[in-house]
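Enquirer: The structure under discussion is supplied below as structure tokens; questions concerning it will follow.
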Amino acid sequence: MAAPPDDDVLWARELHYAYDGSPALQGVTLGVREREIVTVTGPRGSGKTTLLGCLSGRLAPKSGEIWFNSLPVHTLGRQSRERLRRDRFGWIGSEPQLVPELTAWENAALPLLLNGARQRTARSSATEWLERLDIADCARKRPAALVQSQRQRVAIARALASRPAVLFADEPTAPLHRTDRLHALRTLVSAARSHGITMLLATHDPAAGATDEVVGTSVADRRISLVDGRHARPTGAPDTKGSATCSLFV
Ligand SMILES: Nc1ncnc2c1ncn2[C@@H]1O[C@H](COP(=O)(O)OP(=O)(O)OP(=O)(O)O)[C@@H](O)[C@H]1O
């Protein structure tokens, strides 16, 4: 088993994943450096969610290797992967998935509380992120009393409050309106920058979304494009069949 390059915090080689025999990832290889912000783009169904799912330990690939620093994620059992996800990774999906019985601040503080933080510390960290995301006035409300865009911002606060080493954001601004999307994206990117969080941000065709703001202004360090579960080749690039290294566009 080859060790990953030293300067990559996350590294994957020849990842394959299939749903009921139908391939979703077909030999994806990539490395992500510490503090890097990488957007994963591609049309619907190109494998972005599956890639982030495998890299974050939510899905176990059919074959291939995934390393987080010197830890071979692909060899870990379910419980160890869950611990890794809880302790070191953050996840924001396109649906907020909050705990309905908890208030907004309790939801945002939940990962910290599960990791043993004191209630006061967890509450102050959660509240700080709710403020940054302009929803401090919702802190005491339960998800049912919030609109979808507020719920999503609580989910973003929850992911940031625990200061993950790597944040996986899968279409994180999908439920938000354009102005809210830009604000949430800027908060996400500036939080990642200021706290040294490595981030993988999946979005479908950047031309269609607010992630223009991130990709187009090169706020992201790099973009990886997928098509049909493989790396897309830049237009005019030679056909390096079998090679699956990252496309560097930005
Ligand atoms: N739970 C599932 N069961 C069966 N097939 C799935 C499942 N999830 C994804 N797929 C299929 O796997 C392929 C990759 O899907 P994936 O969701 O990873 O792509 P995506 O680029 O994230 O798409 P989107 O932008 O729509 O979220 C698609 O063909 C999709 O239909």
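Convention: chains lettered A, B, ... in structure tokens order; per-chain residue numbering from 1; ligands numbered from 1 as shown.
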List as a Markdown table every residue of chain A that is in contact with ligand 1, defined as an atom at most 9 Å from one of its atoms (using only C-alpha atoms and all ligand atoms), together with the nearest atom pair and the distance in Å rounded to one decimal, sorted by chain and then rising number.
Expert:
| residue | atom | partner | partner_atom_place_in_ligand_line | distance |
| --- | --- | --- | --- | --- |
| A:Tyr17 | CA | ligand 1 | 12 (O) | 8.7 |
| A:Ala18 | CA | ligand 1 | 12 (O) | 7.3 |
| A:Tyr19 | CA | ligand 1 | 4 (C) | 4.8 |
| A:Asp20 | CA | ligand 1 | 4 (C) | 6.7 |
| A:Ser22 | CA | ligand 1 | 5 (N) | 7.1 |
| A:Pro23 | CA | ligand 1 | 12 (O) | 6.8 |
| A:Ala24 | CA | ligand 1 | 13 (C) | 4.3 |
| A:Leu25 | CA | ligand 1 | 14 (C) | 7.3 |
| A:Val40 | CA | ligand 1 | 21 (O) | 8.9 |
| A:Thr41 | CA | ligand 1 | 21 (O) | 7.6 |
| A:Gly42 | CA | ligand 1 | 21 (O) | 6.0 |
| A:Pro43 | CA | ligand 1 | 21 (O) | 5.9 |
| A:Arg44 | CA | ligand 1 | 25 (O) | 3.6 |
| A:Gly45 | CA | ligand 1 | 19 (O) | 3.4 |
| A:Ser46 | CA | ligand 1 | 21 (O) | 3.8 |
| A:Gly47 | CA | ligand 1 | 18 (O) | 3.3 |
| A:Lys48 | CA | ligand 1 | 22 (O) | 3.9 |
| A:Thr49 | CA | ligand 1 | 22 (O) | 3.7 |
| A:Thr50 | CA | ligand 1 | 18 (O) | 3.7 |
| A:Leu51 | CA | ligand 1 | 18 (O) | 6.5 |
| A:Leu52 | CA | ligand 1 | 18 (O) | 8.2 |
| A:Gly53 | CA | ligand 1 | 18 (O) | 8.2 |
| A:Ser94 | CA | ligand 1 | 27 (O) | 8.8 |
| A:Asp170 | CA | ligand 1 | 22 (O) | 7.7 |
| A:Glu171 | CA | ligand 1 | 27 (O) | 7.6 |
| A:Ala202 | CA | ligand 1 | 22 (O) | 7.5 |
| A:Thr203 | CA | ligand 1 | 25 (O) | 6.7 |
| A:His204 | CA | ligand 1 | 25 (O) | 5.1 |
| A:Asp205 | CA | ligand 1 | 25 (O) | 8.5 |
| A:Leu226 | CA | ligand 1 | 21 (O) | 7.6 |
| A:Val227 | CA | ligand 1 | 21 (O) | 8.1 |
| A:Asp228 | CA | ligand 1 | 14 (C) | 7.4 |
| A:Gly229 | CA | ligand 1 | 14 (C) | 6.7 |
Enquirer: Just N, CA and C atoms for this one: save the residues we selected as a compact mmCIF listing (two decimals), in the first residue's frame.
Expert:
# COMPACT_ATOMS: atom_id res chain seq x y z
N TYR A 17 -16.75 3.52 -7.17
CA TYR A 17 -17.95 3.31 -6.35
C TYR A 17 -19.11 3.02 -7.29
N ALA A 18 -19.97 2.09 -6.88
CA ALA A 18 -21.14 1.76 -7.71
C ALA A 18 -22.37 1.64 -6.83
N TYR A 19 -23.52 2.07 -7.35
CA TYR A 19 -24.80 1.86 -6.67
C TYR A 19 -25.48 0.69 -7.38
N ASP A 20 -25.66 -0.40 -6.68
CA ASP A 20 -26.31 -1.58 -7.26
C ASP A 20 -25.71 -1.93 -8.63
N SER A 22 -24.26 -0.04 -10.69
CA SER A 22 -24.21 1.07 -11.65
C SER A 22 -23.10 2.03 -11.23
N PRO A 23 -22.03 2.19 -12.06
CA PRO A 23 -20.86 2.93 -11.61
C PRO A 23 -21.13 4.43 -11.42
N ALA A 24 -20.65 4.97 -10.28
CA ALA A 24 -20.81 6.40 -10.00
C ALA A 24 -19.44 7.08 -9.94
N LEU A 25 -18.42 6.34 -9.54
CA LEU A 25 -17.04 6.84 -9.60
C LEU A 25 -16.21 5.79 -10.32
N VAL A 40 -15.47 21.11 -6.47
CA VAL A 40 -15.69 19.93 -7.30
C VAL A 40 -16.92 20.23 -8.15
N THR A 41 -16.72 20.37 -9.43
CA THR A 41 -17.82 20.75 -10.31
C THR A 41 -18.15 19.62 -11.27
N GLY A 42 -19.24 19.80 -11.97
CA GLY A 42 -19.65 18.79 -12.95
C GLY A 42 -21.16 18.80 -13.05
N PRO A 43 -21.69 18.27 -14.15
CA PRO A 43 -23.14 18.25 -14.31
C PRO A 43 -23.81 17.33 -13.30
N ARG A 44 -25.12 17.42 -13.21
CA ARG A 44 -25.88 16.56 -12.30
C ARG A 44 -25.58 15.10 -12.61
N GLY A 45 -25.37 14.31 -11.57
CA GLY A 45 -25.12 12.89 -11.75
C GLY A 45 -23.69 12.55 -12.12
N SER A 46 -22.79 13.54 -12.06
CA SER A 46 -21.41 13.26 -12.49
C SER A 46 -20.58 12.60 -11.39
N GLY A 47 -21.12 12.53 -10.17
CA GLY A 47 -20.40 11.81 -9.11
C GLY A 47 -19.86 12.69 -8.00
N LYS A 48 -20.24 13.95 -7.96
CA LYS A 48 -19.68 14.88 -6.96
C LYS A 48 -20.04 14.44 -5.53
N THR A 49 -21.34 14.17 -5.31
CA THR A 49 -21.77 13.77 -3.97
C THR A 49 -21.11 12.46 -3.57
N THR A 50 -21.03 11.54 -4.52
CA THR A 50 -20.42 10.24 -4.23
C THR A 50 -18.94 10.42 -3.89
N LEU A 51 -18.26 11.29 -4.62
CA LEU A 51 -16.84 11.53 -4.33
C LEU A 51 -16.68 12.09 -2.92
N LEU A 52 -17.46 13.13 -2.59
CA LEU A 52 -17.34 13.70 -1.25
C LEU A 52 -17.74 12.67 -0.19
N GLY A 53 -18.74 11.85 -0.52
CA GLY A 53 -19.17 10.80 0.42
C GLY A 53 -18.05 9.82 0.70
N SER A 94 -27.01 19.55 0.98
CA SER A 94 -27.94 20.52 0.43
C SER A 94 -29.26 20.54 1.22
N ASP A 170 -21.48 19.91 0.23
CA ASP A 170 -22.09 19.38 -1.00
C ASP A 170 -23.29 20.25 -1.38
N GLU A 171 -23.09 21.11 -2.36
CA GLU A 171 -24.14 22.06 -2.77
C GLU A 171 -24.71 22.75 -1.53
N ALA A 202 -18.65 21.02 -3.39
CA ALA A 202 -19.23 20.47 -4.62
C ALA A 202 -20.33 21.37 -5.13
N THR A 203 -20.34 21.59 -6.42
CA THR A 203 -21.40 22.38 -7.03
C THR A 203 -21.60 21.90 -8.46
N HIS A 204 -22.85 21.91 -8.93
CA HIS A 204 -23.00 21.56 -10.34
C HIS A 204 -22.51 22.73 -11.17
N ASP A 205 -22.62 22.65 -12.46
CA ASP A 205 -22.00 23.61 -13.37
C ASP A 205 -21.87 25.01 -12.76
N LEU A 226 -15.71 16.79 -12.79
CA LEU A 226 -16.06 15.40 -13.03
C LEU A 226 -17.07 15.30 -14.15
N VAL A 227 -16.97 14.24 -14.92
CA VAL A 227 -18.01 13.88 -15.90
C VAL A 227 -18.14 12.36 -15.84
N ASP A 228 -19.36 11.88 -15.64
CA ASP A 228 -19.62 10.45 -15.59
C ASP A 228 -18.67 9.71 -14.63
N GLY A 229 -18.43 10.32 -13.48
CA GLY A 229 -17.63 9.64 -12.47
C GLY A 229 -16.14 9.61 -12.73
Enquirer: Would you kindly return, as a list in words, each protein, DNA or RNA residue with an atom no farther than 9 Å from any atom of Ala161 in chain A, considering only C-alpha atoms and excluding same-chain residues fewer than 4 positions away?
Expert: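 The residues satisfying every condition are Ala108, Ala109, Pro111, Leu112, Ala122, Ser125, Ala126, Thr127, Glu128, Trp129, Ile156 and Ala157 of chain A.
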Enquirer: Could you go through range 2-250 of chain A and tell me which residues DSSP, when run on the backbone, assigns to alpha helix (DSSP H), listing them as a count of residues only?
Expert: 80
Enquirer: Can you tell me, as a ChimeraX atom specification, what residues are no more than 8 Å from Arg33 in chain A when counting only C-alpha atoms, ignoring any on the same chain fewer than 4 positions away?
Expert: /A:7-10,198
Enquirer: Taking the DSSP secondary structure from the backbone, can you list the residues of range 5-55 of chain A that are strand (DSSP E), as a PyMOL selection string?
Expert: chain A and resi 8-19+22-33+37-41
Enquirer: Please produce a file of the residues just selected, as a PDB file, in the first residue's frame, where the atoms kept are N, CA and C atoms.
Expert:
ATOM      1  N   ASP A   8      -0.105  16.390   1.224  1.00  0.00           N
ATOM      2  CA  ASP A   8      -1.557  16.274   1.033  1.00  0.00           C
ATOM      3  C   ASP A   8      -2.220  15.878   2.352  1.00  0.00           C
ATOM      4  N   VAL A   9      -3.241  16.659   2.734  1.00  0.00           N
ATOM      5  CA  VAL A   9      -3.976  16.290   3.947  1.00  0.00           C
ATOM      6  C   VAL A   9      -4.969  15.178   3.619  1.00  0.00           C
ATOM      7  N   LEU A  10      -5.427  15.190   2.366  1.00  0.00           N
ATOM      8  CA  LEU A  10      -6.390  14.189   1.906  1.00  0.00           C
ATOM      9  C   LEU A  10      -5.917  13.705   0.546  1.00  0.00           C
ATOM     10  N   TRP A  11      -5.940  12.404   0.378  1.00  0.00           N
ATOM     11  CA  TRP A  11      -5.385  11.851  -0.848  1.00  0.00           C
ATOM     12  C   TRP A  11      -6.174  10.601  -1.210  1.00  0.00           C
ATOM     13  N   ALA A  12      -6.545  10.510  -2.461  1.00  0.00           N
ATOM     14  CA  ALA A  12      -7.306   9.327  -2.891  1.00  0.00           C
ATOM     15  C   ALA A  12      -6.738   8.819  -4.200  1.00  0.00           C
ATOM     16  N   ARG A  13      -6.771   7.506  -4.361  1.00  0.00           N
ATOM     17  CA  ARG A  13      -6.206   6.909  -5.577  1.00  0.00           C
ATOM     18  C   ARG A  13      -7.171   5.886  -6.164  1.00  0.00           C
ATOM     19  N   GLU A  14      -7.477   6.080  -7.433  1.00  0.00           N
ATOM     20  CA  GLU A  14      -8.260   5.094  -8.204  1.00  0.00           C
ATOM     21  C   GLU A  14      -9.552   4.686  -7.498  1.00  0.00           C
ATOM     22  N   LEU A  15     -10.332   5.680  -7.103  1.00  0.00           N
ATOM     23  CA  LEU A  15     -11.582   5.381  -6.403  1.00  0.00           C
ATOM     24  C   LEU A  15     -12.652   4.885  -7.356  1.00  0.00           C
ATOM     25  N   HIS A  16     -13.257   3.786  -6.967  1.00  0.00           N
ATOM     26  CA  HIS A  16     -14.415   3.247  -7.708  1.00  0.00           C
ATOM     27  C   HIS A  16     -15.563   3.087  -6.733  1.00  0.00           C
ATOM     28  N   TYR A  17     -16.748   3.516  -7.168  1.00  0.00           N
ATOM     29  CA  TYR A  17     -17.947   3.309  -6.352  1.00  0.00           C
ATOM     30  C   TYR A  17     -19.108   3.017  -7.291  1.00  0.00           C
ATOM     31  N   ALA A  18     -19.972   2.092  -6.881  1.00  0.00           N
ATOM     32  CA  ALA A  18     -21.138   1.764  -7.714  1.00  0.00           C
ATOM     33  C   ALA A  18     -22.366   1.643  -6.829  1.00  0.00           C
ATOM     34  N   TYR A  19     -23.522   2.073  -7.351  1.00  0.00           N
ATOM     35  CA  TYR A  19     -24.804   1.864  -6.674  1.00  0.00           C
ATOM     36  C   TYR A  19     -25.483   0.693  -7.379  1.00  0.00           C
ATOM     37  N   SER A  22     -24.263  -0.044 -10.690  1.00  0.00           N
ATOM     38  CA  SER A  22     -24.212   1.067 -11.648  1.00  0.00           C
ATOM     39  C   SER A  22     -23.095   2.033 -11.230  1.00  0.00           C
ATOM     40  N   PRO A  23     -22.035   2.190 -12.056  1.00  0.00           N
ATOM     41  CA  PRO A  23     -20.861   2.935 -11.605  1.00  0.00           C
ATOM     42  C   PRO A  23     -21.130   4.428 -11.419  1.00  0.00           C
ATOM     43  N   ALA A  24     -20.655   4.966 -10.279  1.00  0.00           N
ATOM     44  CA  ALA A  24     -20.808   6.400 -10.004  1.00  0.00           C
ATOM     45  C   ALA A  24     -19.445   7.083  -9.943  1.00  0.00           C
ATOM     46  N   LEU A  25     -18.419   6.337  -9.538  1.00  0.00           N
ATOM     47  CA  LEU A  25     -17.038   6.838  -9.604  1.00  0.00           C
ATOM     48  C   LEU A  25     -16.211   5.789 -10.318  1.00  0.00           C
ATOM     49  N   GLN A  26     -15.398   6.255 -11.272  1.00  0.00           N
ATOM     50  CA  GLN A  26     -14.665   5.301 -12.090  1.00  0.00           C
ATOM     51  C   GLN A  26     -13.184   5.667 -12.158  1.00  0.00           C
ATOM     52  N   GLY A  27     -12.480   5.454 -11.051  1.00  0.00           N
ATOM     53  CA  GLY A  27     -11.034   5.653 -11.066  1.00  0.00           C
ATOM     54  C   GLY A  27     -10.611   7.084 -10.827  1.00  0.00           C
ATOM     55  N   VAL A  28     -11.188   7.710  -9.793  1.00  0.00           N
ATOM     56  CA  VAL A  28     -10.819   9.104  -9.488  1.00  0.00           C
ATOM     57  C   VAL A  28      -9.615   9.131  -8.540  1.00  0.00           C
ATOM     58  N   THR A  29      -8.635   9.919  -8.900  1.00  0.00           N
ATOM     59  CA  THR A  29      -7.434  10.108  -8.084  1.00  0.00           C
ATOM     60  C   THR A  29      -7.278  11.592  -7.806  1.00  0.00           C
ATOM     61  N   LEU A  30      -7.016  11.943  -6.574  1.00  0.00           N
ATOM     62  CA  LEU A  30      -6.794  13.364  -6.282  1.00  0.00           C
ATOM     63  C   LEU A  30      -6.056  13.535  -4.969  1.00  0.00           C
ATOM     64  N   GLY A  31      -5.439  14.684  -4.832  1.00  0.00           N
ATOM     65  CA  GLY A  31      -4.795  15.050  -3.582  1.00  0.00           C
ATOM     66  C   GLY A  31      -5.223  16.460  -3.214  1.00  0.00           C
ATOM     67  N   VAL A  32      -5.428  16.686  -1.930  1.00  0.00           N
ATOM     68  CA  VAL A  32      -5.830  18.013  -1.464  1.00  0.00           C
ATOM     69  C   VAL A  32      -4.852  18.437  -0.378  1.00  0.00           C
ATOM     70  N   ARG A  33      -4.271  19.609  -0.553  1.00  0.00           N
ATOM     71  CA  ARG A  33      -3.292  20.077   0.431  1.00  0.00           C
ATOM     72  C   ARG A  33      -3.982  20.733   1.618  1.00  0.00           C
ATOM     73  N   ILE A  37      -8.725  25.181  -0.671  1.00  0.00           N
ATOM     74  CA  ILE A  37     -10.163  25.197  -0.944  1.00  0.00           C
ATOM     75  C   ILE A  37     -10.347  24.738  -2.381  1.00  0.00           C
ATOM     76  N   VAL A  38     -10.993  23.603  -2.527  1.00  0.00           N
ATOM     77  CA  VAL A  38     -11.129  22.977  -3.847  1.00  0.00           C
ATOM     78  C   VAL A  38     -12.608  22.866  -4.188  1.00  0.00           C
ATOM     79  N   THR A  39     -12.999  23.360  -5.345  1.00  0.00           N
ATOM     80  CA  THR A  39     -14.377  23.138  -5.781  1.00  0.00           C
ATOM     81  C   THR A  39     -14.415  21.899  -6.662  1.00  0.00           C
ATOM     82  N   VAL A  40     -15.465  21.115  -6.475  1.00  0.00           N
ATOM     83  CA  VAL A  40     -15.687  19.926  -7.303  1.00  0.00           C
ATOM     84  C   VAL A  40     -16.918  20.228  -8.150  1.00  0.00           C
ATOM     85  N   THR A  41     -16.716  20.374  -9.433  1.00  0.00           N
ATOM     86  CA  THR A  41     -17.819  20.753 -10.307  1.00  0.00           C
ATOM     87  C   THR A  41     -18.149  19.618 -11.274  1.00  0.00           C
TER      88      THR A  41
END
Enquirer: Pick from A:Leu200, A:Leu133, A:Val166, A:Leu185: nearest to Asp87 in chain A, with only C-alpha atoms counted?
Expert: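 Result for the nearest residue to Asp87 in chain A: A:Val166.
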Enquirer: In Å, with one decimal, what is the gap from CA of Glu131 in chain A to CA of Trp91 in chain A?
Expert: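 Result for CA of Glu131 in chain A versus CA of Trp91 in chain A: 19.9 Å, one decimal.
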Enquirer: Need the shell around Glu95 in chain A: protein/DNA/RNA residues with any atom at most 8 Å away, counting only C-alpha atoms. Skip same-chain ones fewer than 6 positions apart. Format as a ChimeraX atom specification?
Expert: /A:152,172,175
Enquirer: May I have the selected residues written with N, CA and C atoms, as a short mmCIF file (atom, residue, chain, number, x, y, z; two decimals), in the first residue's frame?
Expert:
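That gives us part-v3.cif:
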data_model
loop_
_atom_site.label_atom_id
_atom_site.label_comp_id
_atom_site.auth_asym_id
_atom_site.auth_seq_id
_atom_site.Cartn_x
_atom_site.Cartn_y
_atom_site.Cartn_z
N GLN A 152 -30.78 26.03 6.78
CA GLN A 152 -29.52 25.69 6.13
C GLN A 152 -28.36 26.47 6.76
N PRO A 172 -23.86 23.36 -0.71
CA PRO A 172 -24.33 23.84 0.59
C PRO A 172 -25.30 25.00 0.50
N PRO A 175 -30.40 25.49 -1.02
CA PRO A 175 -31.73 25.96 -0.59
C PRO A 175 -31.82 27.48 -0.41
#
Enquirer: Which one is closest to His195 in chain A: A:Arg151, A:Arg35, A:Arg158, A:His183? Count only C-alpha atoms.
Expert: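 Checking each of A:Arg151, A:Arg35, A:Arg158, A:His183 against His195 in chain A, counting only C-alpha atoms, the winner is A:Arg35.
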Enquirer: Taking 2 positions as the minimum chain separation for residues in the same chain, which residues sit within 9 Å of Ile66 in chain A when counting only C-alpha atoms? Answer as a list in words.
Expert: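 Selected residues are Pro4, Leu10, Trp11, Ala12, Arg13, Leu15, Cys54, Leu55, Gly57, Pro61, Gly64, Phe68, Leu71, Pro72, Val73, His74 and Thr75 of chain A.
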